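Here's the structure we're looking at; comments come further down.
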Amino acid sequence: MAQLGTLEELPQDYRDAMAEAGVAPLWPMMRNVLPHGQPKPQTRTGFWKYDDVRPLLLRAGELTPVEKAERRVLVLSDPGRGNGAMQATASIYLGMQLLLPGETAPAHVHTPSATRIIVEGKGGYTVVDGEKLPMEDGDLVLTPGGDWHDHGHEGTEPVVWLDALDLPLFVYLEGSYAKEGPLQAQRNRPDASLVEYRSAGLVPSRSRNTARKYPMTRFPWARTEEALREIAKYGDGGVAEVDFINPETGMDVLPTMGFTAMMLAKGQADHPPIRSCSSAFHVVKGSGTSVIDGKEVAWGPKDTFTAAPFATIDHEAGEEAFLIRVHDRPLQDKLGYYEERAR
């Protein structure tokens, strides 16, 4: 393969003329944006121990009232981009959010889509387009882009959840913005996961033309864990995994982010294929070790860690463990380039 020319090989007067004209030669920069074989991600493996983050969150609750924060969040920044980066991977933003008893986070709507994985506490809830969604450990709660949402807390202990957003995409496209509004009137009924979509394979009998774009916005953890246990019980011995999907369409729950829950038995190992998507793993419960591109991460309950695109990942559970993987495969599918490579 021929060595491409460098900027320094060009005469200074030519470089000055290009700068004056507002142009630049492609060939010295081409391998930066089109490396051969596979990308060279800026993303590095991140690891956030909940035992380290939790005290800082509680201190934030003492220092900053929710009225002055709007959303009281500590951002999980990608080590490859530096502390304060609003990215955990190239396309995924992660943050730990705290709501204290009696607090209300104001209603707003924004262009990025957000999800909440509930980490701890009881009595918290999110209202999404008028539907009140209880927040219990391990639940996955959606607030799709364009849907109004606010948060409240009717319990007695702090509530914490992990936010995952496709915010980096909207910032890159210069399309990220929000609007504020009054708290929403709540419908006097349980959420759709308890009424209309209580059983897999069953949806309300009605015209598909009247279905909501996001008909189910809460996925209770108890049901997810039950499904994983049944798959593990009757499966082929591999790792039990389930994808969160839209019950009306069978497609991923959001256009740009996918969510996969996995169960590892005590001592069980997992050696997934090399995937082109980036991933963030949140440990619902259990403990184990993952080696990601040679970096060892010893994780426990409620910890969070990330993997770059095309990372080599190996998991091993020290005890029975349940994790939720957040990934950008749905976006890559739409762009037509998602791939998996054998180990």
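By convention in this document, the chains of the structure tokens carry letters A, B, ... by their order, each chain's residues are numbered from 1, and ligands are numbered from 1 in the order they are shown.
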Can you list every residue in range 6-199 of chain A that DSSP puts in strand (DSSP E or B), as a PyMOL selection string?
chain A and resi 47-48+73-75+93-99+104-110+114-120+124-128+131-134+140-143+149-153+159-165+178-181
Could you give me, as a list of chain:residue names, the residues within 10 Å of Gly5 in chain A, counting only C-alpha atoms and dropping anything in the same chain fewer than 6 positions from it?
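After dropping sequence-adjacent residues, the list is A:Pro25, A:Leu26, A:Trp27, A:Pro28, A:Met29.
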Produce a file of the selected residues containing C-alpha atoms, as a compact mmCIF listing (two decimals), in the first residue's frame.
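Output file result32.txt follows:
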```
# COMPACT_ATOMS: atom_id res chain seq x y z
CA PRO A 25 -5.85 18.55 0.86
CA LEU A 26 -7.63 15.30 1.62
CA TRP A 27 -4.76 12.86 1.16
CA PRO A 28 -2.76 13.75 4.32
CA MET A 29 -5.91 13.28 6.41
```
Expected answer as a ChimeraX atom specification: helix (DSSP H, G or I) residues in range 20-264 of chain A:
/A:20-21,30-33,50-63,66-69,167-172,192-195,208-210,221-234
Expected file contents, prior selection, N, CA and C atoms, as a short mmCIF file (atom, residue, chain, number, x, y, z; two decimals), in the first residue's frame:
```cif
data_model
loop_
_atom_site.label_atom_id
_atom_site.label_comp_id
_atom_site.auth_asym_id
_atom_site.auth_seq_id
_atom_site.Cartn_x
_atom_site.Cartn_y
_atom_site.Cartn_z
N GLU A 20 -5.84 30.40 2.78
CA GLU A 20 -6.53 31.65 2.41
C GLU A 20 -7.83 31.35 1.67
N ALA A 21 -7.84 30.31 0.86
CA ALA A 21 -9.03 29.94 0.08
C ALA A 21 -10.02 29.11 0.88
N MET A 30 -6.62 11.42 4.99
CA MET A 30 -7.54 10.37 4.58
C MET A 30 -7.55 9.18 5.54
N ARG A 31 -6.37 8.73 5.99
CA ARG A 31 -6.34 7.55 6.86
C ARG A 31 -6.91 7.85 8.25
N ASN A 32 -7.01 9.13 8.62
CA ASN A 32 -7.64 9.47 9.90
C ASN A 32 -9.14 9.18 9.88
N VAL A 33 -9.76 9.40 8.72
CA VAL A 33 -11.21 9.23 8.62
C VAL A 33 -11.60 7.95 7.89
N TYR A 50 -20.49 1.99 41.29
CA TYR A 50 -21.60 2.69 41.92
C TYR A 50 -21.26 3.12 43.34
N ASP A 51 -20.45 2.33 44.03
CA ASP A 51 -20.07 2.69 45.40
C ASP A 51 -19.26 3.98 45.43
N ASP A 52 -18.60 4.31 44.33
CA ASP A 52 -17.86 5.58 44.25
C ASP A 52 -18.76 6.74 43.83
N VAL A 53 -19.70 6.45 42.94
CA VAL A 53 -20.55 7.51 42.39
C VAL A 53 -21.67 7.90 43.37
N ARG A 54 -22.21 6.93 44.09
CA ARG A 54 -23.37 7.19 44.95
C ARG A 54 -23.12 8.30 45.98
N PRO A 55 -22.01 8.28 46.74
CA PRO A 55 -21.81 9.37 47.70
C PRO A 55 -21.73 10.74 47.05
N LEU A 56 -21.17 10.81 45.85
CA LEU A 56 -21.09 12.08 45.14
C LEU A 56 -22.48 12.55 44.71
N LEU A 57 -23.33 11.61 44.32
CA LEU A 57 -24.71 11.96 43.97
C LEU A 57 -25.46 12.50 45.18
N LEU A 58 -25.32 11.82 46.31
CA LEU A 58 -26.02 12.28 47.52
C LEU A 58 -25.50 13.64 47.96
N ARG A 59 -24.20 13.90 47.80
CA ARG A 59 -23.65 15.22 48.13
C ARG A 59 -24.22 16.27 47.18
N ALA A 60 -24.39 15.90 45.92
CA ALA A 60 -25.02 16.83 44.97
C ALA A 60 -26.42 17.20 45.43
N GLY A 61 -27.12 16.22 46.03
CA GLY A 61 -28.45 16.49 46.57
C GLY A 61 -28.42 17.49 47.70
N GLU A 62 -27.35 17.50 48.49
CA GLU A 62 -27.20 18.47 49.57
C GLU A 62 -26.80 19.84 49.05
N LEU A 63 -26.00 19.86 47.99
CA LEU A 63 -25.43 21.11 47.51
C LEU A 63 -26.31 21.85 46.52
N VAL A 66 -33.04 20.61 43.31
CA VAL A 66 -33.42 20.23 41.96
C VAL A 66 -33.90 21.43 41.15
N GLU A 67 -34.43 22.46 41.83
CA GLU A 67 -34.90 23.66 41.12
C GLU A 67 -33.75 24.38 40.42
N LYS A 68 -32.53 24.23 40.96
CA LYS A 68 -31.37 24.89 40.35
C LYS A 68 -30.62 23.97 39.40
N ALA A 69 -31.06 22.71 39.33
CA ALA A 69 -30.37 21.75 38.46
C ALA A 69 -31.24 21.33 37.27
N LEU A 167 -28.01 11.65 22.82
CA LEU A 167 -27.66 13.07 22.79
C LEU A 167 -26.47 13.40 21.88
N PRO A 168 -25.37 12.62 21.90
CA PRO A 168 -24.24 12.98 21.04
C PRO A 168 -24.60 13.12 19.57
N LEU A 169 -25.54 12.30 19.09
CA LEU A 169 -25.94 12.40 17.68
C LEU A 169 -26.60 13.74 17.39
N PHE A 170 -27.48 14.15 18.29
CA PHE A 170 -28.21 15.40 18.07
C PHE A 170 -27.31 16.61 18.24
N VAL A 171 -26.34 16.52 19.15
CA VAL A 171 -25.37 17.61 19.29
C VAL A 171 -24.54 17.71 18.01
N TYR A 172 -24.10 16.57 17.49
CA TYR A 172 -23.30 16.56 16.26
C TYR A 172 -24.08 17.14 15.09
N ALA A 192 -49.15 1.22 30.49
CA ALA A 192 -49.48 0.25 29.45
C ALA A 192 -48.83 -1.11 29.66
N SER A 193 -47.68 -1.15 30.34
CA SER A 193 -47.03 -2.44 30.57
C SER A 193 -47.86 -3.33 31.49
N LEU A 194 -48.73 -2.73 32.29
CA LEU A 194 -49.57 -3.49 33.21
C LEU A 194 -50.98 -3.71 32.68
N VAL A 195 -51.35 -3.02 31.61
CA VAL A 195 -52.71 -3.12 31.10
C VAL A 195 -52.73 -3.73 29.69
N ARG A 208 -54.29 -0.81 13.53
CA ARG A 208 -52.88 -0.46 13.68
C ARG A 208 -52.63 1.01 13.36
N ASN A 209 -53.55 1.64 12.65
CA ASN A 209 -53.39 3.06 12.33
C ASN A 209 -53.54 3.95 13.55
N THR A 210 -54.14 3.41 14.63
CA THR A 210 -54.36 4.23 15.82
C THR A 210 -53.32 3.95 16.90
N TRP A 221 -38.62 -4.85 35.39
CA TRP A 221 -37.51 -5.78 35.51
C TRP A 221 -37.97 -7.17 35.92
N ALA A 222 -38.95 -7.26 36.82
CA ALA A 222 -39.39 -8.58 37.30
C ALA A 222 -39.77 -9.48 36.12
N ARG A 223 -40.43 -8.91 35.13
CA ARG A 223 -40.84 -9.69 33.97
C ARG A 223 -39.63 -10.07 33.11
N THR A 224 -38.68 -9.14 33.00
CA THR A 224 -37.48 -9.41 32.21
C THR A 224 -36.67 -10.53 32.84
N GLU A 225 -36.48 -10.46 34.16
CA GLU A 225 -35.70 -11.50 34.83
C GLU A 225 -36.39 -12.87 34.71
N GLU A 226 -37.70 -12.89 34.83
CA GLU A 226 -38.44 -14.14 34.69
C GLU A 226 -38.20 -14.76 33.31
N ALA A 227 -38.25 -13.92 32.27
CA ALA A 227 -38.02 -14.42 30.91
C ALA A 227 -36.60 -14.96 30.76
N LEU A 228 -35.62 -14.27 31.31
CA LEU A 228 -34.24 -14.73 31.22
C LEU A 228 -34.06 -16.07 31.92
N ARG A 229 -34.68 -16.23 33.08
CA ARG A 229 -34.54 -17.48 33.82
C ARG A 229 -35.15 -18.65 33.04
N GLU A 230 -36.28 -18.42 32.39
CA GLU A 230 -36.90 -19.50 31.61
C GLU A 230 -36.05 -19.87 30.41
N ILE A 231 -35.48 -18.86 29.76
CA ILE A 231 -34.62 -19.14 28.60
C ILE A 231 -33.38 -19.92 29.04
N ALA A 232 -32.80 -19.50 30.20
CA ALA A 232 -31.62 -20.20 30.71
C ALA A 232 -31.97 -21.64 31.09
N LYS A 233 -33.14 -21.83 31.64
CA LYS A 233 -33.57 -23.15 32.11
C LYS A 233 -33.73 -24.13 30.96
N TYR A 234 -34.27 -23.66 29.85
CA TYR A 234 -34.58 -24.56 28.74
C TYR A 234 -33.72 -24.29 27.51
#
```
So which residues touch range 147-149 of chain A within 6 Å, counting only C-alpha atoms, skipping near sequence neighbours fewer than 4 positions away, as a PyMOL selection string?
chain A and resi 107-109+127-129
Next, dump the selected residues to file, keeping only N, CA and C atoms, as a JSON list (two decimals), in the first residue's frame.
```
[["chain", "number", "residue", "atom", "x", "y", "z"],
["A", 107, "ALA", "N", -41.35, 19.43, 33.89],
["A", 107, "ALA", "CA", -41.69, 18.82, 32.60],
["A", 107, "ALA", "C", -40.90, 19.49, 31.49],
["A", 108, "HIS", "N", -40.38, 18.68, 30.61],
["A", 108, "HIS", "CA", -39.78, 19.22, 29.39],
["A", 108, "HIS", "C", -39.85, 18.17, 28.28],
["A", 109, "VAL", "N", -39.53, 18.62, 27.10],
["A", 109, "VAL", "CA", -39.51, 17.76, 25.92],
["A", 109, "VAL", "C", -38.25, 18.13, 25.14],
["A", 127, "VAL", "N", -43.58, 10.64, 34.34],
["A", 127, "VAL", "CA", -44.81, 10.82, 33.57],
["A", 127, "VAL", "C", -44.42, 11.10, 32.13],
["A", 128, "VAL", "N", -44.82, 10.22, 31.21],
["A", 128, "VAL", "CA", -44.50, 10.36, 29.79],
["A", 128, "VAL", "C", -45.81, 10.53, 29.02],
["A", 129, "ASP", "N", -46.00, 11.70, 28.45],
["A", 129, "ASP", "CA", -47.23, 12.02, 27.72],
["A", 129, "ASP", "C", -48.47, 11.64, 28.52]]
```
Find the residues of range 106-223 of chain A that sit at most 12 Å from range 275-284 of chain A; for each, write down the nearest two atoms and how far apart they are in Å, to one decimal. Count only C-alpha atoms. Sort by chain, then by number going up, and give it as a tab-separated table.
```
residue	atom	partner	partner_atom	distance
A:Arg116	CA	A:His282	CA	11.2
A:Ile117	CA	A:His282	CA	8.3
A:Ile118	CA	A:Val284	CA	8.8
A:Val119	CA	A:Val284	CA	7.4
A:Glu120	CA	A:Val284	CA	9.8
A:Glu136	CA	A:Val284	CA	11.5
A:Asp137	CA	A:Val284	CA	7.8
A:Gly138	CA	A:Val284	CA	5.9
A:Asp139	CA	A:Val284	CA	9.5
A:Leu140	CA	A:Val284	CA	11.0
A:Trp161	CA	A:His282	CA	10.8
A:Leu162	CA	A:His282	CA	8.5
A:Asp163	CA	A:His282	CA	10.9
A:Ala164	CA	A:Ala280	CA	9.0
A:Leu165	CA	A:Ala280	CA	11.4
A:Trp221	CA	A:Val284	CA	9.2
A:Ala222	CA	A:Val284	CA	11.4
```
As an exercise, work out the distance from CA of Lys334 in chain A to CA of Pro255 in chain A in Å and give it to one decimal place.
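Distance between the two atoms: 8.4 Å.
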Let me make sure I understand: among A:Met216, A:Phe47, A:Val253, A:Ala200, which one has the smallest atom-to-atom distance to Ser113 in chain A if we use only C-alpha atoms?
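Comparing A:Met216, A:Phe47, A:Val253, A:Ala200 against Ser113 in chain A, the winner is A:Val253.
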Among A:Gly152, A:Pro134, A:Pro215, A:Pro112, Ser176 in chain A is approached most closely, using only C-alpha atoms, by A:Pro112
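Distances here use only C-alpha atoms; by that measure, the residue among A:Arg341, A:Thr45, A:Thr249, A:Thr143 closest to Gly294 in chain A is A:Thr45.
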